[in-house]
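For reference, coords-v8.tsv is printed below; it contains TSV, C-alpha atoms.
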chain	number	residue	atom	x	y	z
A	1	MET	CA	9.42	-16.84	55.88
A	2	LYS	CA	8.29	-20.11	54.39
A	3	ARG	CA	10.63	-21.57	51.81
A	4	ARG	CA	8.09	-21.54	48.94
A	5	ASN	CA	7.26	-17.88	49.58
A	6	PHE	CA	10.95	-17.03	49.68
A	7	LEU	CA	11.52	-18.82	46.38
A	8	LYS	CA	8.47	-17.14	44.84
A	9	MET	CA	9.64	-13.67	45.88
A	10	THR	CA	13.17	-14.44	44.68
A	11	ALA	CA	11.82	-15.51	41.28
A	12	VAL	CA	9.69	-12.34	41.01
A	13	GLY	CA	12.69	-10.23	41.89
A	14	ALA	CA	14.89	-11.99	39.36
A	15	SER	CA	12.22	-11.56	36.69
A	16	ALA	CA	11.91	-7.84	37.43
A	17	MET	CA	15.68	-7.45	37.24
A	18	ALA	CA	15.76	-9.28	33.89
A	19	ILE	CA	13.04	-7.02	32.46
A	20	ALA	CA	14.85	-3.93	33.70
A	21	ARG	CA	18.14	-5.19	32.26
A	22	SER	CA	16.47	-5.94	28.91
A	23	ALA	CA	14.92	-2.45	28.80
A	24	ALA	CA	18.27	-0.87	29.61
A	25	GLN	CA	19.97	-2.88	26.86
A	26	ALA	CA	17.30	-1.86	24.34
A	27	GLN	CA	17.70	1.78	25.36
A	28	GLU	CA	21.48	1.54	25.02
A	29	ALA	CA	21.16	-0.09	21.59
A	30	THR	CA	18.86	2.72	20.48
A	31	LYS	CA	21.43	5.28	21.61
A	32	LYS	CA	24.12	3.60	19.51
A	33	ALA	CA	21.90	3.26	16.43
A	34	PRO	CA	22.38	5.98	13.79
A	35	THR	CA	20.03	8.92	13.43
A	36	TYR	CA	19.02	9.36	9.80
A	37	ARG	CA	18.89	12.73	8.05
A	38	VAL	CA	15.46	13.00	6.45
A	39	ALA	CA	14.24	15.41	3.78
A	40	ILE	CA	10.72	15.93	2.47
A	41	ILE	CA	9.57	16.71	-1.08
A	42	GLY	CA	6.09	18.16	-1.50
A	43	ARG	CA	4.33	20.05	-4.27
A	44	THR	CA	1.62	22.41	-3.07
A	45	GLY	CA	-1.42	22.49	-5.33
A	46	LYS	CA	-0.12	19.60	-7.43
A	47	GLY	CA	-0.32	16.61	-5.12
A	48	ASP	CA	0.66	18.51	-1.96
A	49	TYR	CA	2.12	16.23	0.76
A	50	GLY	CA	0.03	13.14	0.19
A	51	HIS	CA	-1.43	11.58	3.29
A	52	ASN	CA	0.69	13.69	5.65
A	53	LEU	CA	3.83	11.74	4.80
A	54	GLY	CA	6.05	14.65	5.80
A	55	VAL	CA	4.87	15.32	9.35
A	56	ALA	CA	4.83	11.54	9.91
A	57	TRP	CA	8.58	11.78	10.61
A	58	LYS	CA	8.05	14.07	13.60
A	59	GLY	CA	8.53	12.13	16.81
A	60	ILE	CA	10.54	9.34	15.17
A	61	ASP	CA	13.50	8.95	17.54
A	62	ARG	CA	16.02	7.98	14.91
A	63	ALA	CA	15.10	10.64	12.38
A	64	GLN	CA	16.18	14.26	12.03
A	65	ILE	CA	14.13	16.26	9.54
A	66	VAL	CA	16.67	18.57	7.90
A	67	ALA	CA	14.83	20.28	5.04
A	68	VAL	CA	11.78	20.46	2.82
A	69	ALA	CA	11.50	21.18	-0.92
A	70	ASP	CA	8.40	22.64	-2.54
A	71	GLU	CA	8.25	24.76	-5.69
A	72	ASP	CA	5.43	26.81	-4.12
A	73	GLU	CA	6.80	29.52	-1.80
A	74	ALA	CA	3.79	29.72	0.51
A	75	GLY	CA	3.49	25.95	0.56
A	76	ARG	CA	7.07	25.32	1.61
A	77	ALA	CA	6.85	28.01	4.31
A	78	LYS	CA	3.78	26.33	5.74
A	79	ALA	CA	5.42	22.90	5.54
A	80	ALA	CA	8.54	24.18	7.30
A	81	GLU	CA	6.43	25.52	10.14
A	82	GLN	CA	4.58	22.20	10.47
A	83	LEU	CA	7.84	20.26	10.40
A	84	GLY	CA	9.60	22.56	12.84
A	85	ILE	CA	12.54	23.32	10.51
A	86	THR	CA	14.06	26.39	8.87
A	87	LYS	CA	15.77	25.07	5.74
A	88	THR	CA	13.57	25.14	2.65
A	89	TYR	CA	14.23	24.80	-1.07
A	90	ALA	CA	12.28	25.57	-4.21
A	91	ASP	CA	14.37	22.99	-6.10
A	92	TYR	CA	14.52	19.49	-4.61
A	93	ARG	CA	17.71	18.71	-6.54
A	94	GLU	CA	19.46	21.60	-4.80
A	95	MET	CA	18.19	20.26	-1.48
A	96	LEU	CA	19.58	16.81	-2.20
A	97	ALA	CA	22.98	18.24	-3.14
A	98	LYS	CA	23.33	20.60	-0.18
A	99	GLU	CA	21.63	18.74	2.66
A	100	LYS	CA	22.76	15.22	1.72
A	101	PRO	CA	19.81	13.43	3.35
A	102	GLN	CA	19.95	9.67	3.82
A	103	ILE	CA	16.17	9.21	3.51
A	104	VAL	CA	13.77	11.24	1.39
A	105	THR	CA	10.00	11.17	1.51
A	106	ILE	CA	8.44	11.89	-1.87
A	107	ALA	CA	5.08	12.90	-0.47
A	108	VAL	CA	3.48	14.24	-3.65
A	109	SER	CA	0.34	12.24	-4.45
A	110	TRP	CA	0.18	13.12	-8.16
A	111	PRO	CA	2.53	10.59	-9.82
A	112	ASP	CA	3.61	12.60	-12.87
A	113	CYS	CA	6.78	13.64	-11.00
A	114	HIS	CA	7.53	10.36	-9.20
A	115	LEU	CA	9.93	8.93	-11.77
A	116	GLU	CA	12.02	12.08	-12.00
A	117	MET	CA	12.13	12.60	-8.22
A	118	ALA	CA	12.80	8.96	-7.38
A	119	LYS	CA	15.68	8.71	-9.85
A	120	ALA	CA	17.19	11.94	-8.51
A	121	CYS	CA	17.04	10.54	-4.98
A	122	ALA	CA	18.63	7.26	-6.07
A	123	GLU	CA	21.43	9.12	-7.88
A	124	ALA	CA	22.02	11.09	-4.65
A	125	GLY	CA	22.29	7.82	-2.69
A	126	CYS	CA	19.05	8.30	-0.74
A	127	HIS	CA	16.58	5.72	0.47
A	128	VAL	CA	12.97	6.72	-0.28
A	129	LEU	CA	9.45	6.59	1.10
A	130	LEU	CA	7.17	7.04	-1.92
A	131	GLU	CA	3.50	8.01	-1.97
A	132	LYS	CA	1.22	5.83	-4.08
A	133	PRO	CA	0.55	5.26	-6.90
A	134	MET	CA	4.14	4.45	-7.72
A	135	CYS	CA	4.02	6.01	-11.19
A	136	ARG	CA	1.99	6.23	-14.41
A	137	SER	CA	3.22	3.26	-16.46
A	138	LEU	CA	5.23	0.06	-16.41
A	139	GLU	CA	8.10	1.71	-18.26
A	140	GLU	CA	8.39	4.21	-15.41
A	141	ALA	CA	8.04	1.48	-12.78
A	142	ASP	CA	10.84	-0.54	-14.38
A	143	GLU	CA	13.12	2.50	-14.31
A	144	ILE	CA	12.43	3.17	-10.63
A	145	VAL	CA	13.00	-0.46	-9.61
A	146	ALA	CA	16.27	-0.59	-11.56
A	147	ALA	CA	17.53	2.72	-10.14
A	148	PHE	CA	17.24	1.52	-6.55
A	149	ALA	CA	18.22	-2.11	-7.09
A	150	SER	CA	21.44	-1.18	-8.90
A	151	ARG	CA	22.54	0.99	-5.98
A	152	GLY	CA	21.38	-1.27	-3.15
A	153	LEU	CA	18.98	1.41	-1.89
A	154	LYS	CA	15.60	0.86	-0.22
A	155	LEU	CA	12.31	2.23	-1.49
A	156	ALA	CA	9.21	1.77	0.64
A	157	MET	CA	5.74	2.28	-0.82
A	158	ALA	CA	3.17	4.16	1.24
A	159	HIS	CA	0.69	1.26	1.05
A	160	GLN	CA	-0.65	1.55	4.58
A	161	THR	CA	-3.07	-1.35	4.70
A	162	PRO	CA	-0.62	-4.31	4.89
A	163	TYR	CA	1.24	-2.60	7.74
A	164	GLY	CA	-1.78	-2.14	9.99
A	165	PRO	CA	-3.38	-4.39	12.59
A	166	ALA	CA	-6.45	-4.98	10.41
A	167	VAL	CA	-4.64	-7.11	7.82
A	168	GLU	CA	-2.63	-8.83	10.53
A	169	LYS	CA	-5.91	-9.92	12.15
A	170	ALA	CA	-7.39	-10.94	8.79
A	171	MET	CA	-4.37	-13.09	7.95
A	172	GLN	CA	-4.60	-14.72	11.37
A	173	VAL	CA	-8.26	-15.63	10.77
A	174	ILE	CA	-7.36	-17.14	7.38
A	175	ALA	CA	-4.42	-19.07	8.87
A	176	GLU	CA	-6.70	-20.50	11.57
A	177	GLY	CA	-8.96	-21.90	8.84
A	178	LYS	CA	-12.04	-19.95	9.92
A	179	ILE	CA	-13.07	-19.26	6.31
A	180	GLY	CA	-11.70	-22.55	4.97
A	181	ASP	CA	-9.76	-22.68	1.71
A	182	LEU	CA	-9.38	-19.35	-0.07
A	183	VAL	CA	-11.62	-19.15	-3.14
A	184	GLU	CA	-11.82	-15.57	-4.37
A	185	MET	CA	-11.23	-11.89	-3.55
A	186	ARG	CA	-13.46	-9.01	-4.67
A	187	GLY	CA	-12.39	-5.38	-4.46
A	188	ARG	CA	-14.01	-2.11	-5.49
A	189	GLY	CA	-12.93	1.51	-5.70
A	190	LYS	CA	-14.98	4.48	-4.44
A	191	GLU	CA	-16.75	4.85	-7.82
A	192	GLU	CA	-17.68	8.51	-7.58
A	193	LEU	CA	-19.23	10.13	-10.63
A	194	SER	CA	-16.11	12.27	-10.97
A	195	ARG	CA	-13.55	9.47	-11.03
A	196	GLY	CA	-15.23	6.08	-11.28
A	197	GLY	CA	-13.72	3.90	-13.98
A	198	GLY	CA	-10.24	4.72	-15.27
A	199	LYS	CA	-9.40	7.33	-12.63
A	200	ASP	CA	-10.55	5.01	-9.84
A	201	LEU	CA	-8.37	2.25	-11.27
A	202	ILE	CA	-5.13	4.26	-10.97
A	203	VAL	CA	-5.96	6.18	-7.78
A	204	LEU	CA	-7.52	3.51	-5.56
A	205	GLY	CA	-6.75	0.39	-7.57
A	206	PRO	CA	-3.21	0.17	-6.10
A	207	HIS	CA	-4.67	-0.43	-2.63
A	208	ILE	CA	-6.78	-3.35	-3.85
A	209	MET	CA	-4.11	-4.82	-6.15
A	210	ASP	CA	-1.53	-4.76	-3.37
A	211	LEU	CA	-3.90	-6.32	-0.86
A	212	MET	CA	-4.80	-9.13	-3.27
A	213	ARG	CA	-1.13	-10.15	-3.45
A	214	VAL	CA	-0.82	-9.97	0.33
A	215	ILE	CA	-3.88	-12.20	0.90
A	216	ALA	CA	-3.00	-14.67	-1.89
A	217	LYS	CA	0.67	-14.70	-0.78
A	218	THR	CA	1.77	-14.78	-4.40
A	219	ASP	CA	1.59	-12.92	-7.71
A	220	PRO	CA	-1.18	-13.18	-10.30
A	221	GLN	CA	-0.34	-15.06	-13.47
A	222	ARG	CA	-3.19	-14.00	-15.77
A	223	CYS	CA	-5.60	-11.11	-16.22
A	224	SER	CA	-8.81	-10.77	-18.20
A	225	ALA	CA	-10.60	-7.43	-18.28
A	226	GLN	CA	-13.07	-5.09	-19.92
A	227	ALA	CA	-12.80	-1.30	-20.04
A	228	LEU	CA	-16.05	0.19	-21.30
A	229	VAL	CA	-17.70	3.48	-22.22
A	230	ALA	CA	-21.48	3.43	-22.68
A	231	GLY	CA	-21.30	-0.35	-22.54
A	232	LYS	CA	-18.84	-0.62	-25.44
A	233	PRO	CA	-15.07	-1.30	-25.44
A	234	ILE	CA	-12.96	1.83	-25.13
A	235	THR	CA	-11.49	3.36	-28.28
A	236	LYS	CA	-8.74	5.89	-28.92
A	237	ALA	CA	-11.36	8.64	-28.71
A	238	ASN	CA	-12.08	7.73	-25.07
A	239	ILE	CA	-8.48	8.14	-23.88
A	240	LYS	CA	-7.46	11.28	-22.04
A	241	GLU	CA	-4.47	12.61	-20.14
A	242	ASP	CA	-5.56	13.00	-16.54
A	243	GLU	CA	-5.54	16.62	-15.38
A	244	GLN	CA	-4.04	15.64	-12.00
A	245	GLY	CA	-0.97	13.92	-13.36
A	246	TYR	CA	-2.13	10.30	-13.16
A	247	GLY	CA	-1.29	9.68	-16.80
A	248	LEU	CA	-3.47	8.18	-19.53
A	249	ILE	CA	-6.86	6.90	-18.37
A	250	ALA	CA	-9.99	5.58	-20.09
A	251	GLY	CA	-13.28	3.88	-19.26
A	252	GLU	CA	-16.48	4.68	-17.39
A	253	GLU	CA	-16.44	1.16	-16.01
A	254	ILE	CA	-13.65	-1.38	-15.65
A	255	HIS	CA	-13.99	-5.02	-14.63
A	256	ALA	CA	-10.78	-7.01	-14.22
A	257	SER	CA	-10.14	-10.56	-13.01
A	258	TYR	CA	-6.79	-11.98	-11.91
A	259	TRP	CA	-5.83	-15.63	-11.50
A	260	PHE	CA	-3.52	-16.49	-8.60
A	261	PRO	CA	-2.06	-19.99	-8.15
A	262	LYS	CA	-3.00	-21.73	-4.89
A	263	MET	CA	-0.07	-21.68	-2.48
A	264	ILE	CA	0.82	-24.89	-0.61
A	265	ASP	CA	3.68	-24.70	1.92
A	266	GLY	CA	4.84	-21.47	0.33
A	267	GLN	CA	4.95	-22.88	-3.22
A	268	PRO	CA	2.49	-22.54	-6.14
A	269	SER	CA	0.53	-25.76	-6.45
A	270	THR	CA	0.14	-27.50	-9.81
A	271	LYS	CA	-2.58	-29.79	-8.45
A	272	GLU	CA	-4.97	-27.34	-6.74
A	273	CYS	CA	-7.48	-24.91	-8.25
A	274	GLY	CA	-6.33	-21.31	-8.20
A	275	VAL	CA	-7.74	-18.24	-6.46
A	276	MET	CA	-9.57	-15.52	-8.38
A	277	GLY	CA	-9.20	-11.83	-7.64
A	278	TYR	CA	-11.65	-9.26	-9.02
A	279	PHE	CA	-11.53	-5.48	-9.22
A	280	SER	CA	-14.46	-3.43	-10.48
A	281	THR	CA	-15.22	0.26	-10.69
A	282	ARG	CA	-17.91	2.26	-12.47
A	283	LYS	CA	-19.06	5.86	-12.48
A	284	SER	CA	-22.08	6.27	-10.23
A	285	LYS	CA	-24.06	9.32	-9.17
A	286	HIS	CA	-24.45	7.65	-5.77
A	287	GLY	CA	-20.83	6.52	-5.47
A	288	ALA	CA	-19.76	3.45	-3.56
A	289	GLY	CA	-17.42	4.92	-0.97
A	290	PRO	CA	-18.73	2.79	1.92
A	291	ARG	CA	-18.11	-0.34	-0.20
A	292	PHE	CA	-14.48	0.61	-0.91
A	293	GLY	CA	-12.47	-2.35	0.28
A	294	MET	CA	-12.33	-6.09	-0.27
A	295	GLN	CA	-14.36	-9.22	0.35
A	296	ILE	CA	-12.42	-12.45	0.83
A	297	PHE	CA	-14.38	-15.65	0.25
A	298	GLY	CA	-13.45	-19.11	1.49
A	299	THR	CA	-15.12	-22.51	1.50
A	300	LYS	CA	-16.37	-21.95	5.07
A	301	GLY	CA	-17.03	-18.22	5.22
A	302	GLU	CA	-16.18	-14.66	4.29
A	303	LEU	CA	-14.00	-11.81	5.52
A	304	ALA	CA	-14.89	-8.20	4.72
A	305	ILE	CA	-12.19	-5.53	4.85
A	306	THR	CA	-13.97	-2.19	4.81
A	307	GLY	CA	-11.90	0.77	3.69
A	308	MET	CA	-8.13	0.76	3.43
A	309	GLY	CA	-5.24	1.93	5.58
A	310	ALA	CA	-4.13	1.10	9.09
A	311	GLY	CA	-7.65	1.66	10.39
A	312	ALA	CA	-9.50	-0.69	8.03
A	313	ARG	CA	-12.35	-2.66	9.58
A	314	VAL	CA	-12.38	-6.46	9.39
A	315	SER	CA	-15.54	-8.55	9.83
A	316	LEU	CA	-16.06	-12.32	9.68
A	317	LEU	CA	-19.07	-14.32	8.48
A	318	GLN	CA	-18.81	-18.06	9.03
A	319	SER	CA	-21.19	-19.70	6.58
A	320	LEU	CA	-20.72	-22.51	4.08
A	321	ASN	CA	-22.79	-20.82	1.39
A	322	TRP	CA	-22.07	-17.08	2.02
A	323	MET	CA	-25.84	-16.53	2.03
A	324	PRO	CA	-28.78	-16.32	4.46
A	325	ALA	CA	-29.70	-19.67	5.96
A	326	PRO	CA	-33.00	-21.31	4.85
A	327	ASP	CA	-34.06	-21.29	8.49
A	328	PRO	CA	-34.46	-17.64	9.69
A	329	GLN	CA	-33.70	-18.85	13.22
A	330	LYS	CA	-30.23	-20.01	12.16
A	331	GLN	CA	-28.93	-16.96	10.38
A	332	PRO	CA	-25.12	-16.66	10.51
A	333	GLN	CA	-23.95	-13.50	12.23
A	334	TRP	CA	-21.11	-11.16	11.34
A	335	GLU	CA	-18.35	-10.96	13.96
A	336	GLU	CA	-15.98	-8.04	14.43
A	337	VAL	CA	-12.39	-9.20	13.92
A	338	TYR	CA	-10.87	-5.74	14.11
A	339	TYR	CA	-12.42	-2.30	14.51
A	340	SER	CA	-10.79	0.89	15.75
A	341	THR	CA	-12.78	3.82	17.12
A	342	ASP	CA	-9.80	6.14	16.65
A	343	SER	CA	-10.19	9.16	14.37
A	344	ASP	CA	-9.08	8.97	10.74
A	345	GLN	CA	-6.15	11.24	11.62
A	346	VAL	CA	-4.95	8.87	14.36
A	347	LYS	CA	-5.31	5.85	12.08
A	348	GLU	CA	-3.41	7.59	9.29
A	349	ALA	CA	-0.63	8.60	11.67
A	350	LEU	CA	-0.32	5.02	12.92
A	351	GLY	CA	-0.05	3.65	9.38
A	352	ASN	CA	2.63	6.16	8.42
A	353	LYS	CA	4.58	5.44	11.60
A	354	LEU	CA	4.55	1.70	10.93
A	355	ILE	CA	5.84	2.23	7.39
A	356	ILE	CA	8.63	4.52	8.59
A	357	GLU	CA	9.71	2.13	11.33
A	358	ASP	CA	9.79	-0.72	8.82
A	359	LEU	CA	11.85	1.32	6.35
A	360	ILE	CA	14.40	2.11	9.07
A	361	ARG	CA	14.52	-1.59	9.98
A	362	ALA	CA	15.10	-2.50	6.33
A	363	ILE	CA	17.95	0.01	6.04
A	364	ASP	CA	19.54	-1.15	9.31
A	365	THR	CA	19.41	-4.82	8.35
A	366	ASN	CA	19.81	-4.45	4.57
A	367	THR	CA	16.61	-6.39	4.01
A	368	LYS	CA	13.42	-5.81	2.03
A	369	PRO	CA	10.87	-3.22	3.22
A	370	LYS	CA	7.48	-4.82	3.75
A	371	ARG	CA	6.10	-3.08	0.62
A	372	ASP	CA	9.02	-2.14	-1.60
A	373	ALA	CA	9.59	-0.98	-5.17
A	374	THR	CA	8.79	-4.39	-6.64
A	375	ASP	CA	5.46	-4.43	-4.77
A	376	GLY	CA	4.72	-0.96	-6.08
A	377	ARG	CA	5.51	-2.13	-9.61
A	378	TRP	CA	3.13	-5.08	-9.25
A	379	THR	CA	0.22	-2.71	-8.60
A	380	ILE	CA	1.05	-0.87	-11.82
A	381	GLU	CA	1.51	-4.23	-13.59
A	382	MET	CA	-2.01	-5.30	-12.61
A	383	ILE	CA	-3.52	-1.95	-13.60
A	384	MET	CA	-1.83	-1.96	-17.00
A	385	ALA	CA	-2.86	-5.61	-17.49
A	386	ALA	CA	-6.51	-4.54	-17.39
A	387	TYR	CA	-5.95	-2.13	-20.28
A	388	GLU	CA	-3.75	-4.62	-22.14
A	389	SER	CA	-6.40	-7.33	-21.91
A	390	GLN	CA	-9.00	-4.92	-23.29
A	391	ARG	CA	-6.63	-3.79	-26.07
A	392	LEU	CA	-5.94	-7.36	-27.19
A	393	ASN	CA	-9.47	-8.57	-26.40
A	394	GLN	CA	-8.08	-11.65	-24.64
A	395	PRO	CA	-6.52	-12.75	-21.34
A	396	VAL	CA	-2.91	-11.71	-20.85
A	397	GLU	CA	-0.06	-13.41	-19.00
A	398	LEU	CA	1.70	-11.67	-16.13
A	399	PRO	CA	4.26	-10.17	-15.93
A	400	LEU	CA	3.32	-8.38	-19.14
A	401	LYS	CA	5.55	-8.71	-22.17
A	402	ASN	CA	4.44	-5.28	-23.36
A	403	ARG	CA	5.99	-2.70	-21.01
A	404	LYS	CA	4.53	0.31	-22.86
A	405	HIS	CA	1.29	1.89	-21.71
A	406	PRO	CA	-1.46	-0.08	-23.54
A	407	LEU	CA	-3.53	3.07	-24.08
A	408	THR	CA	-0.76	4.50	-26.30
A	409	MET	CA	-1.26	1.53	-28.62
A	410	LEU	CA	-5.04	1.57	-29.18

Could you render the structure as structure tokens?
Amino acid sequence: MKRRNFLKMTAVGASAMAIARSAAQAQEATKKAPTYRVAIIGRTGKGDYGHNLGVAWKGIDRAQIVAVADEDEAGRAKAAEQLGITKTYADYREMLAKEKPQIVTIAVSWPDCHLEMAKACAEAGCHVLLEKPMCRSLEEADEIVAAFASRGLKLAMAHQTPYGPAVEKAMQVIAEGKIGDLVEMRGRGKEELSRGGGKDLIVLGPHIMDLMRVIAKTDPQRCSAQALVAGKPITKANIKEDEQGYGLIAGEEIHASYWFPKMIDGQPSTKECGVMGYFSTRKSKHGAGPRFGMQIFGTKGELAITGMGAGARVSLLQSLNWMPAPDPQKQPQWEEVYYSTDSDQVKEALGNKLIIEDLIRAIDTNTKPKRDATDGRWTIEMIMAAYESQRLNQPVELPLKNRKHPLTML
């Protein structure tokens, strides 16, 4: 055998042995890592189990689902069957006391119970995965953040979009300078006739608010907004308590702008123009579901993130003016940056899995989950800022000085 062939085969063999050894070490490390006791809280008919946040734990190697709590008898029986467990509770507090889980998923999508459930979990020493929106007001958000921070516990928000490959690809495009300097971000809700306006703001607004902070890599410092009914500013008569537990809402249309400082080398710049973020929603008989998402504009082009979640679609338009070219023969073309043909169920499952894996990593390493309680609070901060700006009829500074719900003060 020629010497170079011998050396080549020896190198290949050594490489294969190294890969095998690395895989064996990873497998051994996984065996030694703790398995976490996980419990699920749902509420059938009143927020159910969110976006399947309970069954998302099935198949997670380092998780053992021990019990489920649901005040509805038929609902908890069905959930137990889906989860493959036998222990069920009508009272989640009893479940926490008897089962002593280390992680609890609060899967209920209606947020009227989030504060009470989250605090009970914190008092029981449990880490939490919490469905969005975090809660109904800044006062509630402050209580949740304090409850977990004071005990050194982790709370991960179920904000799927930043965890998925779509945003990773979008951030890569921005970092490569393909759209130039970031100028503005525009997001919309789904704007159905049934929930456009105030309901859209609290239900789908958290997705957009959270993504704005991810893209801008910082927090907004000011907000200016209008909340309108029949084209006029909302009044006390327009406020209502949402029937699905989302708290006080108002407005047939809401238009909010947020000013973010430009980030240079990870620090807010005092010499550069800032970045504007916009969120709008209005009741429409046609709805705007296909437009739900965000447009990100730069000095050299535009990114469009269609939809939210792990399966969001990302498209790129490289154009200096964001518009059709004067010459029809030189029209800029949209390019697909990321697009998944998987079903919505597969995309949802992927997003949930990524959040769970990140929460386990954060617990193992005692570090911050990718989207934690403070990130959840910022979404509520930005939502309440829209109402506070309308109440005061002027721009407001963030974080807000007023921690009470602005609609209680109109």

In Å and to one decimal, CA of Tyr92 in chain A is distant from CA of Ala69 in chain A by 5.1 Å

Set the distance at 9 Å and use only C-alpha atoms: which residues neighbour Glu140 in chain A once local chain neighbours fewer than 5 positions away are removed? I'd like the list as a PDB file with C-alpha atoms, keeping the file's coordinate frame.
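Saved result, selection-v2.pdb, follows:
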ATOM      1  CA  HIS A 114       7.530  10.360  -9.200  1.00  0.00           C
ATOM      2  CA  LEU A 115       9.930   8.930 -11.770  1.00  0.00           C
ATOM      3  CA  MET A 134       4.140   4.450  -7.720  1.00  0.00           C
ATOM      4  CA  CYS A 135       4.020   6.010 -11.190  1.00  0.00           C
ATOM      5  CA  VAL A 145      13.000  -0.460  -9.610  1.00  0.00           C
TER       6      VAL A 145
END

So which residues touch Asn321 in chain A within 8 Å, counting only C-alpha atoms, skipping near sequence neighbours fewer than 2 positions away, as a PyMOL selection string? chain A and resi 299-301+319+323

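Candidate residues A:Glu252, A:Glu123, A:Glu131, A:Asp210 were compared for distance to Arg282 in chain A, and the nearest is A:Glu252, using all atoms listed in the file.
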
Judged by only C-alpha atoms, the minimum distance to Glu71 in chain A among A:Ala33, A:Ile41, A:Leu53, A:Met409 is found for A:Ile41

Report task. Considering only C-alpha atoms, return as a ChimeraX atom specification whatever protein or nucleic-acid residues lie within 7 Å of Leu407 in chain A, sequence-local ones (same chain, fewer than 2 positions apart) excluded. Result -> /A:248,387,405,409-410
